[in-house]
Amino acid sequence: MGTFGKAKQLWDLQKKARAIQKELKETEVEAKAAEGKVIVVFNGEQHIQSVEIAEEMLIPEKKRDLEKALQQAIAEAVSRVQAYAADKMKAIAGDLNIPGM
């Protein structure tokens, strides 16, 4: 492949990366904990978009339960977002012809 071919391939990869980045920004992942009493939503860039907490969780006696539920919901959402982003990036990695990807 000549220099022009490599430059075009690089440009195509950059275009795909920008499209994936836009898609990730627009993608939302929701995770629930404490039987749906705590809900968090992240976008595909791992930025938190919203948090919903049921009224019954907002009492001093439920403080520890709320903390655990928030940790669980956030961890699940981040894990899902990372898996989704990794799946999307595999398309680009495949185009690079890197062994093992």
# chains A, B, ... in the order shown; residues from 1 in each chain; ligands from 1

$ select_by_dssp --residues "region 5-71 of chain A" --states "helix (DSSP H, G or I)" --output "PyMOL selection string"
chain A and resi 5-26+55-57+60-71

$ residues_around --residues "Ile39 (chain A)" --least-positions-apart "5" --cutoff "6 Å" --atoms "only C-alpha atoms" --output "NGL selection string"
:A and (31-32 or 51-52)

$ write_last_selection --atoms "C-alpha atoms" --output "compact mmCIF listing (two decimals), in the first residue's frame"
# COMPACT_ATOMS: atom_id res chain seq x y z
CA ALA A 31 -28.41 0.48 36.20
CA LYS A 32 -30.65 -0.18 39.17
CA VAL A 51 -29.48 9.64 39.72
CA GLU A 52 -32.89 8.73 41.09

$ closest_residue --among "A:Gly44, A:Gln14, A:Lys88, A:Ser50" --to "Leu70 (chain A)" --atoms "only C-alpha atoms"
A:Ser50

$ closest_residue --among "A:Ile74, A:Arg80, A:Leu66, A:Ile59" --to "Thr27 (chain A)" --atoms "only C-alpha atoms"
A:Arg80

$ closest_residue --among "A:Lys68, A:Glu45, A:Glu55, A:Ile92" --to "Lys22 (chain A)" --atoms "only C-alpha atoms"
A:Glu45

$ atom_distance --atom1 "CA of Asp87 (chain A)" --atom2 "CA of Trp11 (chain A)"
21.0 Å

$ select_by_dssp --residues "chain A" --states "strand (DSSP E or B)" --output "compact mmCIF listing (two decimals) with N, CA and C atoms, in the first residue's frame"
# COMPACT_ATOMS: atom_id res chain seq x y z
N GLU A 28 -27.05 5.95 26.35
CA GLU A 28 -27.28 5.98 27.79
C GLU A 28 -27.43 4.56 28.32
N VAL A 29 -26.81 4.32 29.46
CA VAL A 29 -26.86 3.02 30.12
C VAL A 29 -27.45 3.24 31.51
N GLU A 30 -28.48 2.46 31.84
CA GLU A 30 -29.14 2.58 33.13
C GLU A 30 -28.83 1.36 33.98
N ALA A 31 -28.61 1.59 35.26
CA ALA A 31 -28.41 0.48 36.20
C ALA A 31 -29.24 0.77 37.45
N LYS A 32 -29.80 -0.31 37.99
CA LYS A 32 -30.65 -0.18 39.17
C LYS A 32 -30.09 -1.02 40.31
N ALA A 33 -30.40 -0.59 41.54
CA ALA A 33 -30.01 -1.35 42.73
C ALA A 33 -31.12 -1.18 43.76
N VAL A 38 -32.84 2.72 43.63
CA VAL A 38 -31.73 3.58 43.23
C VAL A 38 -31.46 3.31 41.75
N ILE A 39 -31.50 4.36 40.95
CA ILE A 39 -31.28 4.24 39.50
C ILE A 39 -30.25 5.27 39.09
N VAL A 40 -29.22 4.82 38.38
CA VAL A 40 -28.23 5.75 37.83
C VAL A 40 -28.19 5.57 36.31
N VAL A 41 -27.92 6.67 35.62
CA VAL A 41 -27.80 6.65 34.17
C VAL A 41 -26.48 7.31 33.80
N PHE A 42 -25.69 6.59 33.01
CA PHE A 42 -24.42 7.10 32.49
C PHE A 42 -24.52 7.17 30.98
N ASN A 43 -23.75 8.07 30.37
CA ASN A 43 -23.64 8.02 28.91
C ASN A 43 -22.44 7.15 28.55
N ILE A 48 -21.91 10.62 34.33
CA ILE A 48 -23.20 10.37 34.95
C ILE A 48 -24.22 11.38 34.42
N GLN A 49 -25.38 10.87 34.04
CA GLN A 49 -26.42 11.72 33.48
C GLN A 49 -27.53 12.00 34.50
N SER A 50 -27.85 10.98 35.32
CA SER A 50 -28.88 11.20 36.33
C SER A 50 -28.79 10.16 37.43
N VAL A 51 -29.37 10.53 38.57
CA VAL A 51 -29.48 9.64 39.72
C VAL A 51 -30.89 9.82 40.27
N GLU A 52 -31.57 8.70 40.47
CA GLU A 52 -32.89 8.73 41.09
C GLU A 52 -32.85 7.88 42.34
N ILE A 53 -33.36 8.43 43.44
CA ILE A 53 -33.38 7.72 44.71
C ILE A 53 -34.80 7.79 45.25

$ closest_residue --among "A:Lys37, A:Lys90, A:His47, A:Lys62" --to "Leu24 (chain A)" --atoms "only C-alpha atoms"
A:His47

$ closest_residue --among "A:Arg18, A:Gln72, A:Thr3, A:Lys8" --to "Met89 (chain A)" --atoms "only C-alpha atoms"
A:Arg18

$ atom_distance --atom1 "CA of Ile20 (chain A)" --atom2 "CA of Phe4 (chain A)"
24.3 Å

$ closest_residue --among "A:Glu26, A:Gly2, A:Gln46, A:Lys15" --to "Ser79 (chain A)" --atoms "only C-alpha atoms"
A:Gln46
